[in-house]
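Pasted below: final.pdb, PDB, C-alpha atoms, pLDDT in the B column.
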```pdb
ATOM      1  CA  MET A   1     -87.807 -34.258  93.847  1.00 39.00           C
ATOM      2  CA  GLN A   2     -87.091 -37.945  93.262  1.00 43.00           C
ATOM      3  CA  THR A   3     -88.026 -39.838  90.127  1.00 45.00           C
ATOM      4  CA  ILE A   4     -90.576 -42.656  90.308  1.00 42.00           C
ATOM      5  CA  ASP A   5     -87.808 -45.204  89.762  1.00 60.00           C
ATOM      6  CA  THR A   6     -85.981 -43.925  92.791  1.00 88.00           C
ATOM      7  CA  THR A   7     -89.180 -43.894  94.840  1.00 94.00           C
ATOM      8  CA  THR A   8     -89.851 -47.507  93.926  1.00 94.00           C
ATOM      9  CA  ALA A   9     -86.294 -48.448  94.892  1.00 95.00           C
ATOM     10  CA  LEU A  10     -86.750 -46.692  98.235  1.00 96.00           C
ATOM     11  CA  VAL A  11     -90.015 -48.510  98.973  1.00 97.00           C
ATOM     12  CA  ASP A  12     -88.457 -51.832  97.923  1.00 96.00           C
ATOM     13  CA  ARG A  13     -85.644 -51.158 100.408  1.00 96.00           C
ATOM     14  CA  TYR A  14     -88.170 -50.269 103.110  1.00 98.00           C
ATOM     15  CA  PHE A  15     -89.997 -53.585 102.781  1.00 98.00           C
ATOM     16  CA  ALA A  16     -86.675 -55.455 102.534  1.00 97.00           C
ATOM     17  CA  ALA A  17     -85.762 -53.924 105.913  1.00 98.00           C
ATOM     18  CA  TRP A  18     -88.926 -55.412 107.442  1.00 98.00           C
ATOM     19  CA  ASN A  19     -88.367 -58.814 105.799  1.00 98.00           C
ATOM     20  CA  THR A  20     -84.605 -59.312 106.221  1.00 98.00           C
ATOM     21  CA  THR A  21     -83.545 -61.287 109.285  1.00 98.00           C
ATOM     22  CA  ASP A  22     -79.773 -61.070 108.710  1.00 98.00           C
ATOM     23  CA  ALA A  23     -78.916 -58.398 111.282  1.00 97.00           C
ATOM     24  CA  ALA A  24     -76.050 -56.721 109.409  1.00 98.00           C
ATOM     25  CA  ARG A  25     -77.980 -56.545 106.172  1.00 97.00           C
ATOM     26  CA  ARG A  26     -81.123 -55.330 107.968  1.00 98.00           C
ATOM     27  CA  THR A  27     -79.135 -52.557 109.690  1.00 97.00           C
ATOM     28  CA  ARG A  28     -77.774 -51.421 106.313  1.00 96.00           C
ATOM     29  CA  LEU A  29     -81.239 -51.432 104.728  1.00 96.00           C
ATOM     30  CA  ILE A  30     -82.681 -49.361 107.604  1.00 97.00           C
ATOM     31  CA  SER A  31     -79.916 -46.764 107.359  1.00 95.00           C
ATOM     32  CA  GLU A  32     -80.373 -46.558 103.586  1.00 95.00           C
ATOM     33  CA  ALA A  33     -84.162 -46.232 103.794  1.00 96.00           C
ATOM     34  CA  TRP A  34     -84.641 -43.848 106.755  1.00 96.00           C
ATOM     35  CA  THR A  35     -83.018 -40.530 107.639  1.00 96.00           C
ATOM     36  CA  ASP A  36     -80.916 -40.593 110.826  1.00 97.00           C
ATOM     37  CA  ASP A  37     -83.855 -39.231 112.835  1.00 98.00           C
ATOM     38  CA  GLY A  38     -86.485 -41.105 110.814  1.00 98.00           C
ATOM     39  CA  THR A  39     -89.559 -42.531 112.520  1.00 98.00           C
ATOM     40  CA  TYR A  40     -92.115 -45.317 112.213  1.00 98.00           C
ATOM     41  CA  LEU A  41     -95.529 -45.265 113.918  1.00 98.00           C
ATOM     42  CA  ASP A  42     -98.574 -47.520 113.558  1.00 97.00           C
ATOM     43  CA  PRO A  43    -101.367 -48.577 115.962  1.00 96.00           C
ATOM     44  CA  VAL A  44     -99.192 -51.198 117.679  1.00 95.00           C
ATOM     45  CA  MET A  45     -95.503 -50.359 117.040  1.00 96.00           C
ATOM     46  CA  SER A  46     -93.198 -47.378 116.964  1.00 98.00           C
ATOM     47  CA  GLY A  47     -89.502 -46.685 116.494  1.00 98.00           C
ATOM     48  CA  SER A  48     -87.372 -43.567 116.211  1.00 98.00           C
ATOM     49  CA  GLY A  49     -83.889 -43.233 114.719  1.00 98.00           C
ATOM     50  CA  HIS A  50     -81.982 -46.087 113.098  1.00 98.00           C
ATOM     51  CA  SER A  51     -81.371 -47.954 116.371  1.00 98.00           C
ATOM     52  CA  GLY A  52     -84.979 -47.521 117.512  1.00 98.00           C
ATOM     53  CA  ILE A  53     -86.304 -48.797 114.187  1.00 98.00           C
ATOM     54  CA  GLU A  54     -83.796 -51.676 114.259  1.00 98.00           C
ATOM     55  CA  ALA A  55     -85.020 -52.702 117.734  1.00 98.00           C
ATOM     56  CA  MET A  56     -88.657 -52.456 116.622  1.00 98.00           C
ATOM     57  CA  ILE A  57     -88.178 -54.614 113.510  1.00 98.00           C
ATOM     58  CA  ALA A  58     -85.965 -57.161 115.293  1.00 98.00           C
ATOM     59  CA  GLY A  59     -88.610 -57.463 118.020  1.00 98.00           C
ATOM     60  CA  PHE A  60     -91.365 -57.918 115.456  1.00 97.00           C
ATOM     61  CA  GLN A  61     -89.402 -60.627 113.641  1.00 97.00           C
ATOM     62  CA  ALA A  62     -88.645 -62.434 116.910  1.00 97.00           C
ATOM     63  CA  GLN A  63     -92.293 -62.377 117.935  1.00 94.00           C
ATOM     64  CA  PHE A  64     -93.690 -63.398 114.543  1.00 93.00           C
ATOM     65  CA  PRO A  65     -91.026 -65.399 112.707  1.00 95.00           C
ATOM     66  CA  GLY A  66     -91.491 -65.903 108.996  1.00 95.00           C
ATOM     67  CA  LEU A  67     -94.075 -63.188 108.377  1.00 96.00           C
ATOM     68  CA  GLN A  68     -93.319 -61.058 105.321  1.00 97.00           C
ATOM     69  CA  PHE A  69     -94.603 -57.683 104.133  1.00 97.00           C
ATOM     70  CA  HIS A  70     -95.420 -57.290 100.436  1.00 97.00           C
ATOM     71  CA  ARG A  71     -96.558 -54.132  98.695  1.00 98.00           C
ATOM     72  CA  ASN A  72     -99.788 -54.932  96.828  1.00 96.00           C
ATOM     73  CA  ALA A  73    -100.634 -51.728  94.951  1.00 95.00           C
ATOM     74  CA  ALA A  74     -98.971 -48.906  93.064  1.00 96.00           C
ATOM     75  CA  ILE A  75     -97.111 -46.192  94.945  1.00 97.00           C
ATOM     76  CA  ASP A  76     -99.110 -42.965  95.085  1.00 97.00           C
ATOM     77  CA  ALA A  77     -96.683 -40.030  95.190  1.00 96.00           C
ATOM     78  CA  HIS A  78     -97.113 -36.263  95.335  1.00 97.00           C
ATOM     79  CA  ASN A  79     -94.845 -33.503  96.620  1.00 97.00           C
ATOM     80  CA  ASP A  80     -92.663 -35.120  99.316  1.00 96.00           C
ATOM     81  CA  HIS A  81     -95.330 -37.672 100.296  1.00 98.00           C
ATOM     82  CA  LEU A  82     -95.899 -41.319  99.402  1.00 98.00           C
ATOM     83  CA  ARG A  83     -98.802 -43.668 100.053  1.00 98.00           C
ATOM     84  CA  PHE A  84     -98.676 -47.421  99.407  1.00 98.00           C
ATOM     85  CA  SER A  85    -100.591 -50.481 100.575  1.00 98.00           C
ATOM     86  CA  TRP A  86     -99.284 -53.844 101.736  1.00 98.00           C
ATOM     87  CA  VAL A  87    -100.224 -57.262 103.019  1.00 97.00           C
ATOM     88  CA  LEU A  88     -98.500 -59.204 105.783  1.00 97.00           C
ATOM     89  CA  VAL A  89     -98.397 -62.886 104.882  1.00 96.00           C
ATOM     90  CA  ALA A  90     -97.533 -66.040 106.810  1.00 94.00           C
ATOM     91  CA  PRO A  91     -94.967 -68.510 105.413  1.00 91.00           C
ATOM     92  CA  ASP A  92     -97.766 -70.866 104.363  1.00 89.00           C
ATOM     93  CA  GLY A  93     -99.687 -68.163 102.539  1.00 86.00           C
ATOM     94  CA  PRO A  94    -102.541 -66.692 104.620  1.00 91.00           C
ATOM     95  CA  VAL A  95    -102.831 -62.921 104.862  1.00 94.00           C
ATOM     96  CA  ILE A  96    -102.304 -61.926 108.507  1.00 94.00           C
ATOM     97  CA  ALA A  97    -102.974 -58.196 108.096  1.00 96.00           C
ATOM     98  CA  ALA A  98    -103.287 -55.503 105.458  1.00 97.00           C
ATOM     99  CA  GLY A  99    -102.525 -51.831 105.685  1.00 98.00           C
ATOM    100  CA  THR A 100    -101.474 -48.579 104.101  1.00 98.00           C
ATOM    101  CA  ASP A 101     -98.350 -46.601 104.903  1.00 98.00           C
ATOM    102  CA  VAL A 102     -98.039 -42.855 104.414  1.00 98.00           C
ATOM    103  CA  THR A 103     -94.544 -41.405 104.380  1.00 98.00           C
ATOM    104  CA  VAL A 104     -92.800 -38.058 104.316  1.00 98.00           C
ATOM    105  CA  LEU A 105     -89.525 -38.016 102.359  1.00 97.00           C
ATOM    106  CA  SER A 106     -86.377 -36.015 102.941  1.00 94.00           C
ATOM    107  CA  SER A 107     -84.765 -33.966 100.184  1.00 90.00           C
ATOM    108  CA  GLY A 108     -82.260 -36.812  99.877  1.00 90.00           C
ATOM    109  CA  ASN A 109     -85.055 -39.301  99.121  1.00 92.00           C
ATOM    110  CA  ARG A 110     -85.035 -41.120 102.423  1.00 95.00           C
ATOM    111  CA  LEU A 111     -87.918 -41.729 104.825  1.00 97.00           C
ATOM    112  CA  ARG A 112     -88.356 -38.983 107.416  1.00 97.00           C
ATOM    113  CA  SER A 113     -91.523 -40.560 108.786  1.00 98.00           C
ATOM    114  CA  VAL A 114     -93.689 -43.587 108.084  1.00 98.00           C
ATOM    115  CA  THR A 115     -97.218 -43.685 109.500  1.00 98.00           C
ATOM    116  CA  GLY A 116     -98.959 -47.032 109.139  1.00 98.00           C
ATOM    117  CA  PHE A 117    -102.722 -47.622 109.142  1.00 98.00           C
ATOM    118  CA  PHE A 118    -104.456 -51.002 109.242  1.00 97.00           C
ATOM    119  CA  ASP A 119    -106.933 -51.789 106.464  1.00 97.00           C
ATOM    120  CA  GLN A 120    -107.452 -55.310 107.808  1.00 94.00           C
ATOM    121  CA  ALA A 121    -106.672 -55.696 111.509  1.00 87.00           C
ATOM    122  CA  PRO A 122    -104.055 -58.319 112.326  1.00 84.00           C
ATOM    123  CA  VAL A 123    -105.274 -61.908 112.792  1.00 83.00           C
ATOM    124  CA  LEU A 124    -102.178 -63.326 114.390  1.00 71.00           C
ATOM    125  CA  PRO A 125    -101.201 -66.955 113.924  1.00 61.00           C
TER
ATOM    126  CA  MET B   1    -105.213 -38.045 123.410  1.00 39.00           C
ATOM    127  CA  GLN B   2    -108.584 -36.826 122.142  1.00 43.00           C
ATOM    128  CA  THR B   3    -111.768 -38.829 122.482  1.00 44.00           C
ATOM    129  CA  ILE B   4    -113.490 -40.148 119.370  1.00 42.00           C
ATOM    130  CA  ASP B   5    -116.346 -37.703 119.876  1.00 60.00           C
ATOM    131  CA  THR B   6    -113.918 -34.822 119.809  1.00 88.00           C
ATOM    132  CA  THR B   7    -112.134 -36.249 116.778  1.00 94.00           C
ATOM    133  CA  THR B   8    -115.421 -36.532 114.915  1.00 94.00           C
ATOM    134  CA  ALA B   9    -116.288 -32.947 115.837  1.00 95.00           C
ATOM    135  CA  LEU B  10    -112.895 -31.796 114.555  1.00 96.00           C
ATOM    136  CA  VAL B  11    -113.313 -33.603 111.231  1.00 97.00           C
ATOM    137  CA  ASP B  12    -116.858 -32.243 110.883  1.00 96.00           C
ATOM    138  CA  ARG B  13    -115.444 -28.742 111.386  1.00 96.00           C
ATOM    139  CA  TYR B  14    -112.697 -29.430 108.818  1.00 98.00           C
ATOM    140  CA  PHE B  15    -115.210 -30.369 106.108  1.00 98.00           C
ATOM    141  CA  ALA B  16    -117.460 -27.458 107.099  1.00 97.00           C
ATOM    142  CA  ALA B  17    -114.487 -25.150 106.454  1.00 98.00           C
ATOM    143  CA  TRP B  18    -114.217 -26.513 102.899  1.00 98.00           C
ATOM    144  CA  ASN B  19    -117.974 -26.262 102.293  1.00 98.00           C
ATOM    145  CA  THR B  20    -118.840 -22.910 103.894  1.00 98.00           C
ATOM    146  CA  THR B  21    -118.873 -19.914 101.562  1.00 98.00           C
ATOM    147  CA  ASP B  22    -119.744 -17.267 104.170  1.00 98.00           C
ATOM    148  CA  ALA B  23    -116.297 -15.712 104.624  1.00 97.00           C
ATOM    149  CA  ALA B  24    -116.565 -14.835 108.323  1.00 98.00           C
ATOM    150  CA  ARG B  25    -117.910 -18.238 109.257  1.00 97.00           C
ATOM    151  CA  ARG B  26    -115.314 -19.989 107.073  1.00 98.00           C
ATOM    152  CA  THR B  27    -112.505 -18.027 108.730  1.00 97.00           C
ATOM    153  CA  ARG B  28    -113.773 -19.068 112.164  1.00 96.00           C
ATOM    154  CA  LEU B  29    -114.027 -22.730 111.140  1.00 96.00           C
ATOM    155  CA  ILE B  30    -110.465 -22.701 109.757  1.00 97.00           C
ATOM    156  CA  SER B  31    -109.063 -21.179 112.941  1.00 95.00           C
ATOM    157  CA  GLU B  32    -110.939 -23.721 115.058  1.00 95.00           C
ATOM    158  CA  ALA B  33    -109.849 -26.692 112.946  1.00 96.00           C
ATOM    159  CA  TRP B  34    -106.173 -25.923 112.249  1.00 96.00           C
ATOM    160  CA  THR B  35    -103.308 -24.829 114.507  1.00 96.00           C
ATOM    161  CA  ASP B  36    -101.955 -21.343 113.756  1.00 97.00           C
ATOM    162  CA  ASP B  37     -99.164 -22.846 111.638  1.00 98.00           C
ATOM    163  CA  GLY B  38    -101.288 -25.692 110.298  1.00 98.00           C
ATOM    164  CA  THR B  39    -100.887 -26.888 106.709  1.00 98.00           C
ATOM    165  CA  TYR B  40    -102.806 -28.511 103.873  1.00 98.00           C
ATOM    166  CA  LEU B  41    -101.153 -30.300 100.932  1.00 98.00           C
ATOM    167  CA  ASP B  42    -102.584 -32.457  98.150  1.00 97.00           C
ATOM    168  CA  PRO B  43    -101.534 -33.109  94.534  1.00 96.00           C
ATOM    169  CA  VAL B  44    -103.059 -29.846  93.263  1.00 95.00           C
ATOM    170  CA  MET B  45    -103.453 -27.436  96.217  1.00 96.00           C
ATOM    171  CA  SER B  46    -101.550 -26.264  99.261  1.00 98.00           C
ATOM    172  CA  GLY B  47    -101.954 -23.725 102.027  1.00 98.00           C
ATOM    173  CA  SER B  48    -100.034 -22.835 105.172  1.00 98.00           C
ATOM    174  CA  GLY B  49    -101.267 -20.967 108.241  1.00 98.00           C
ATOM    175  CA  HIS B  50    -104.839 -19.749 108.709  1.00 98.00           C
ATOM    176  CA  SER B  51    -104.579 -17.023 106.052  1.00 98.00           C
ATOM    177  CA  GLY B  52    -102.906 -19.357 103.536  1.00 98.00           C
ATOM    178  CA  ILE B  53    -105.574 -22.020 104.062  1.00 98.00           C
ATOM    179  CA  GLU B  54    -108.308 -19.369 103.829  1.00 98.00           C
ATOM    180  CA  ALA B  55    -106.919 -18.169 100.488  1.00 98.00           C
ATOM    181  CA  MET B  56    -106.661 -21.758  99.208  1.00 98.00           C
ATOM    182  CA  ILE B  57    -110.255 -22.670 100.136  1.00 98.00           C
ATOM    183  CA  ALA B  58    -111.693 -19.353  98.901  1.00 98.00           C
ATOM    184  CA  GLY B  59    -109.882 -19.875  95.590  1.00 98.00           C
ATOM    185  CA  PHE B  60    -111.188 -23.415  95.289  1.00 97.00           C
ATOM    186  CA  GLN B  61    -114.767 -22.290  95.990  1.00 97.00           C
ATOM    187  CA  ALA B  62    -114.490 -19.468  93.440  1.00 97.00           C
ATOM    188  CA  GLN B  63    -113.164 -21.816  90.776  1.00 94.00           C
ATOM    189  CA  PHE B  64    -115.650 -24.636  91.433  1.00 93.00           C
ATOM    190  CA  PRO B  65    -118.814 -23.116  92.920  1.00 95.00           C
ATOM    191  CA  GLY B  66    -121.225 -25.466  94.606  1.00 95.00           C
ATOM    192  CA  LEU B  67    -118.926 -28.457  95.024  1.00 96.00           C
ATOM    193  CA  GLN B  68    -119.107 -30.019  98.480  1.00 97.00           C
ATOM    194  CA  PHE B  69    -116.848 -32.433 100.358  1.00 97.00           C
ATOM    195  CA  HIS B  70    -118.476 -35.238 102.331  1.00 97.00           C
ATOM    196  CA  ARG B  71    -116.740 -37.806 104.502  1.00 98.00           C
ATOM    197  CA  ASN B  72    -117.836 -41.270 103.328  1.00 96.00           C
ATOM    198  CA  ALA B  73    -116.182 -43.684 105.768  1.00 95.00           C
ATOM    199  CA  ALA B  74    -115.309 -44.003 109.434  1.00 96.00           C
ATOM    200  CA  ILE B  75    -112.419 -42.033 110.889  1.00 97.00           C
ATOM    201  CA  ASP B  76    -109.372 -44.245 111.469  1.00 97.00           C
ATOM    202  CA  ALA B  77    -107.427 -42.860 114.440  1.00 96.00           C
ATOM    203  CA  HIS B  78    -104.244 -43.918 116.229  1.00 97.00           C
ATOM    204  CA  ASN B  79    -101.738 -41.962 118.300  1.00 97.00           C
ATOM    205  CA  ASP B  80    -101.893 -38.360 117.008  1.00 96.00           C
ATOM    206  CA  HIS B  81    -102.885 -39.406 113.475  1.00 98.00           C
ATOM    207  CA  LEU B  82    -106.209 -39.596 111.640  1.00 98.00           C
ATOM    208  CA  ARG B  83    -107.168 -41.043 108.279  1.00 98.00           C
ATOM    209  CA  PHE B  84    -110.554 -40.512 106.629  1.00 98.00           C
ATOM    210  CA  SER B  85    -111.985 -40.734 103.117  1.00 98.00           C
ATOM    211  CA  TRP B  86    -114.248 -38.324 101.289  1.00 98.00           C
ATOM    212  CA  VAL B  87    -116.078 -37.628  98.059  1.00 97.00           C
ATOM    213  CA  LEU B  88    -116.388 -34.289  96.294  1.00 97.00           C
ATOM    214  CA  VAL B  89    -119.864 -33.930  94.814  1.00 96.00           C
ATOM    215  CA  ALA B  90    -121.444 -31.469  92.394  1.00 94.00           C
ATOM    216  CA  PRO B  91    -124.709 -29.688  93.301  1.00 91.00           C
ATOM    217  CA  ASP B  92    -126.656 -32.001  91.003  1.00 89.00           C
ATOM    218  CA  GLY B  93    -125.183 -35.147  92.521  1.00 86.00           C
ATOM    219  CA  PRO B  94    -122.280 -36.573  90.478  1.00 91.00           C
ATOM    220  CA  VAL B  95    -119.072 -37.483  92.287  1.00 94.00           C
ATOM    221  CA  ILE B  96    -116.288 -35.226  90.975  1.00 94.00           C
ATOM    222  CA  ALA B  97    -113.421 -36.778  92.911  1.00 96.00           C
ATOM    223  CA  ALA B  98    -112.709 -39.083  95.831  1.00 97.00           C
ATOM    224  CA  GLY B  99    -109.785 -39.126  98.197  1.00 98.00           C
ATOM    225  CA  THR B 100    -108.287 -39.868 101.570  1.00 98.00           C
ATOM    226  CA  ASP B 101    -106.822 -37.335 103.989  1.00 98.00           C
ATOM    227  CA  VAL B 102    -104.166 -38.161 106.559  1.00 98.00           C
ATOM    228  CA  THR B 103    -103.685 -35.694 109.385  1.00 98.00           C
ATOM    229  CA  VAL B 104    -101.371 -35.040 112.301  1.00 98.00           C
ATOM    230  CA  LEU B 105    -103.068 -33.529 115.368  1.00 97.00           C
ATOM    231  CA  SER B 106    -101.731 -31.119 117.949  1.00 95.00           C
ATOM    232  CA  SER B 107    -101.982 -31.824 121.670  1.00 90.00           C
ATOM    233  CA  GLY B 108    -104.914 -29.383 121.676  1.00 90.00           C
ATOM    234  CA  ASN B 109    -106.800 -31.523 119.133  1.00 92.00           C
ATOM    235  CA  ARG B 110    -106.360 -29.247 116.145  1.00 95.00           C
ATOM    236  CA  LEU B 111    -104.948 -30.071 112.717  1.00 97.00           C
ATOM    237  CA  ARG B 112    -101.189 -29.541 112.449  1.00 97.00           C
ATOM    238  CA  SER B 113    -101.072 -30.973 108.935  1.00 98.00           C
ATOM    239  CA  VAL B 114    -103.477 -32.461 106.427  1.00 98.00           C
ATOM    240  CA  THR B 115    -102.090 -34.468 103.514  1.00 98.00           C
ATOM    241  CA  GLY B 116    -104.633 -35.352 100.857  1.00 98.00           C
ATOM    242  CA  PHE B 117    -104.400 -38.239  98.384  1.00 98.00           C
ATOM    243  CA  PHE B 118    -106.719 -38.849  95.429  1.00 97.00           C
ATOM    244  CA  ASP B 119    -108.470 -42.230  95.236  1.00 97.00           C
ATOM    245  CA  GLN B 120    -110.422 -41.128  92.177  1.00 94.00           C
ATOM    246  CA  ALA B 121    -108.772 -38.339  90.186  1.00 87.00           C
ATOM    247  CA  PRO B 122    -110.904 -35.227  89.711  1.00 84.00           C
ATOM    248  CA  VAL B 123    -113.279 -35.203  86.730  1.00 83.00           C
ATOM    249  CA  LEU B 124    -114.101 -31.509  86.715  1.00 71.00           C
ATOM    250  CA  PRO B 125    -117.456 -30.250  85.540  1.00 61.00           C
TER
END
```

Could you render the structure as structure tokens?
Amino acid sequence: MQTIDTTTALVDRYFAAWNTTDAARRTRLISEAWTDDGTYLDPVMSGSGHSGIEAMIAGFQAQFPGLQFHRNAAIDAHNDHLRFSWVLVAPDGPVIAAGTDVTVLSSGNRLRSVTGFFDQAPVLP
Amino acid sequence: MQTIDTTTALVDRYFAAWNTTDAARRTRLISEAWTDDGTYLDPVMSGSGHSGIEAMIAGFQAQFPGLQFHRNAAIDAHNDHLRFSWVLVAPDGPVIAAGTDVTVLSSGNRLRSVTGFFDQAPVLP
């Protein structure tokens, strides 16, 4: 069971993976945040394993350059599960989408699965 | 992929399982709603398999007689995942707790796992 500090560090790393465009650094963040067979799934994107998640995030960044994910509420944690909400913001400030991610953690405090739900459907620029 | 009608029927059956005190009917609802190895996990309760879930719900009903769960928002569905919110109400009306459940469905449209999160921590009578 991870401490809250470690959980926060994990979630910080998760969002950094989405927001980092330097490929080498992004690859390192993904491998630190997810287990080897970790997954991501939301209504419009999915990725499985480090290389699948890398391809998904790189594709997202290429399609929507400059957008950044920011956690906007406390992390809700129980057992090996986390829940946290986020906004996706454009470089000039507007909120593009909002959502909530639910994750299952490994015993080593990495992400086994992330399931994303939209609270505010994307309004793409 | 299940239709929305079927998803709604499944979630109705799930809440009926929590709210039904007739043991035979509750057992049937649980076996209709969950897969044989289905699970439930929230910050204070857990159950695994039909008999484990039956014991969990029977124990909850014995400890807090008369409380009822009601879904209070639309079902958010994508891929094999659902998210829906609920309130737990006392017989005389007050809201005891509120939360959100996230589920993974089987190909046969039953609950493989339910993970519950509290949006309003329980204020027990």

message: Please identify all residues of chain A having at least one atom at most 9 Å from any atom of chain B, considering only C-alpha atoms, and return them as a PyMOL selection string.
response: chain A and resi 41-44+76-79+81+83+102+115+117-118

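Going from CA of Pro65 (chain B) over to CA of Asp101 (chain B), you cover 21.6 Å.
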
message: Evaluate the PyMOL selection byres ((chain A and resi 30) around 12) against this structure - the residues, as JSON, numbers by chain, please.
response: {"A": [10, 11, 12, 13, 14, 15, 16, 17, 18, 19, 20, 23, 24, 25, 26, 27, 28, 29, 31, 32, 33, 34, 35, 36, 37, 38, 39, 40, 47, 48, 49, 50, 51, 52, 53, 54, 55, 56, 57, 58, 110, 111, 112]}

message: Nearest residue to Leu124 (chain A) out of A:Asp22, A:Leu67, A:Asp92, A:Thr100, using all atoms listed in the file?
response: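 Smallest separation from Leu124 (chain A) among the options: A:Leu67.
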
query: Quick one, how far is CA of Phe69 (chain B) from CA of Leu88 (chain B)?
result: 4.5 Å

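Reported to one decimal place, the separation of CA of Val87 (chain A) from CA of Ser107 (chain A) is 28.1 Å.
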
Using 3 Å of padding on each side, determine the axis-aligned box around all atoms of region 30-34 of chain B present in the file and give its centre and edge lengths in Å to one decimal, as lines of an AutoDock Vina configuration file.
```
center_x = -108.6
center_y = -23.9
center_z = 112.4
size_x = 10.8
size_y = 11.5
size_z = 11.3
```

task: Can you pull out every residue within 8 Å of Pro122 (chain A), counting all atoms listed in the file, but drop anything in the same chain fewer than 3 positions away, and send it as a VMD selection string?
output: chain A and resid 96 to 98 118

Shell around Ser85 (chain B) at 6 Å using all atoms listed in the file, local window under 5 positions removed, as a PDB file with C-alpha atoms, in the coordinates of the input:
```pdb
ATOM      1  CA  ARG B  71    -116.740 -37.806 104.502  1.00 98.00           C
ATOM      2  CA  ASN B  72    -117.836 -41.270 103.328  1.00 96.00           C
ATOM      3  CA  ALA B  73    -116.182 -43.684 105.768  1.00 95.00           C
ATOM      4  CA  GLY B  99    -109.785 -39.126  98.197  1.00 98.00           C
ATOM      5  CA  THR B 100    -108.287 -39.868 101.570  1.00 98.00           C
TER       6      THR B 100
END
```

Can you complete the atoms of region 102-107 of chain B to all heavy atoms and list them as a PDB file, keeping the file's coordinate frame?
```pdb
ATOM      1  N   VAL B 102    -104.920 -37.685 105.401  1.00 98.00           N
ATOM      2  CA  VAL B 102    -104.166 -38.161 106.559  1.00 98.00           C
ATOM      3  C   VAL B 102    -103.720 -36.923 107.318  1.00 98.00           C
ATOM      4  O   VAL B 102    -103.191 -35.980 106.719  1.00 98.00           O
ATOM      5  CB  VAL B 102    -102.958 -38.996 106.109  1.00 98.00           C
ATOM      6  CG1 VAL B 102    -102.122 -39.422 107.301  1.00 98.00           C
ATOM      7  CG2 VAL B 102    -103.428 -40.218 105.332  1.00 98.00           C
ATOM      8  N   THR B 103    -103.979 -36.901 108.616  1.00 98.00           N
ATOM      9  CA  THR B 103    -103.685 -35.694 109.385  1.00 98.00           C
ATOM     10  C   THR B 103    -102.811 -36.004 110.594  1.00 98.00           C
ATOM     11  O   THR B 103    -102.834 -37.114 111.117  1.00 98.00           O
ATOM     12  CB  THR B 103    -104.977 -35.010 109.883  1.00 98.00           C
ATOM     13  OG1 THR B 103    -105.458 -35.713 111.034  1.00 98.00           O
ATOM     14  CG2 THR B 103    -106.054 -34.998 108.816  1.00 98.00           C
ATOM     15  N   VAL B 104    -102.083 -35.005 111.026  1.00 98.00           N
ATOM     16  CA  VAL B 104    -101.371 -35.040 112.301  1.00 98.00           C
ATOM     17  C   VAL B 104    -102.030 -33.997 113.198  1.00 98.00           C
ATOM     18  O   VAL B 104    -102.247 -32.853 112.780  1.00 98.00           O
ATOM     19  CB  VAL B 104     -99.876 -34.728 112.124  1.00 98.00           C
ATOM     20  CG1 VAL B 104     -99.155 -34.786 113.471  1.00 98.00           C
ATOM     21  CG2 VAL B 104     -99.239 -35.698 111.131  1.00 98.00           C
ATOM     22  N   LEU B 105    -102.373 -34.414 114.429  1.00 97.00           N
ATOM     23  CA  LEU B 105    -103.068 -33.529 115.368  1.00 97.00           C
ATOM     24  C   LEU B 105    -102.098 -32.906 116.355  1.00 97.00           C
ATOM     25  O   LEU B 105    -101.058 -33.489 116.690  1.00 97.00           O
ATOM     26  CB  LEU B 105    -104.115 -34.328 116.161  1.00 97.00           C
ATOM     27  CG  LEU B 105    -105.186 -35.050 115.350  1.00 97.00           C
ATOM     28  CD1 LEU B 105    -106.174 -35.735 116.293  1.00 97.00           C
ATOM     29  CD2 LEU B 105    -105.907 -34.101 114.415  1.00 97.00           C
ATOM     30  N   SER B 106    -102.460 -31.744 116.835  1.00 95.00           N
ATOM     31  CA  SER B 106    -101.731 -31.119 117.949  1.00 95.00           C
ATOM     32  C   SER B 106    -102.241 -31.687 119.266  1.00 95.00           C
ATOM     33  O   SER B 106    -103.281 -32.352 119.318  1.00 95.00           O
ATOM     34  CB  SER B 106    -101.966 -29.614 117.920  1.00 95.00           C
ATOM     35  OG  SER B 106    -103.298 -29.335 118.324  1.00 95.00           O
ATOM     36  N   SER B 107    -101.535 -31.382 120.343  1.00 90.00           N
ATOM     37  CA  SER B 107    -101.982 -31.824 121.670  1.00 90.00           C
ATOM     38  C   SER B 107    -103.330 -31.186 122.023  1.00 90.00           C
ATOM     39  O   SER B 107    -104.095 -31.734 122.800  1.00 90.00           O
ATOM     40  CB  SER B 107    -100.934 -31.479 122.722  1.00 90.00           C
ATOM     41  OG  SER B 107    -100.675 -30.095 122.691  1.00 90.00           O
TER      42      SER B 107
END
```
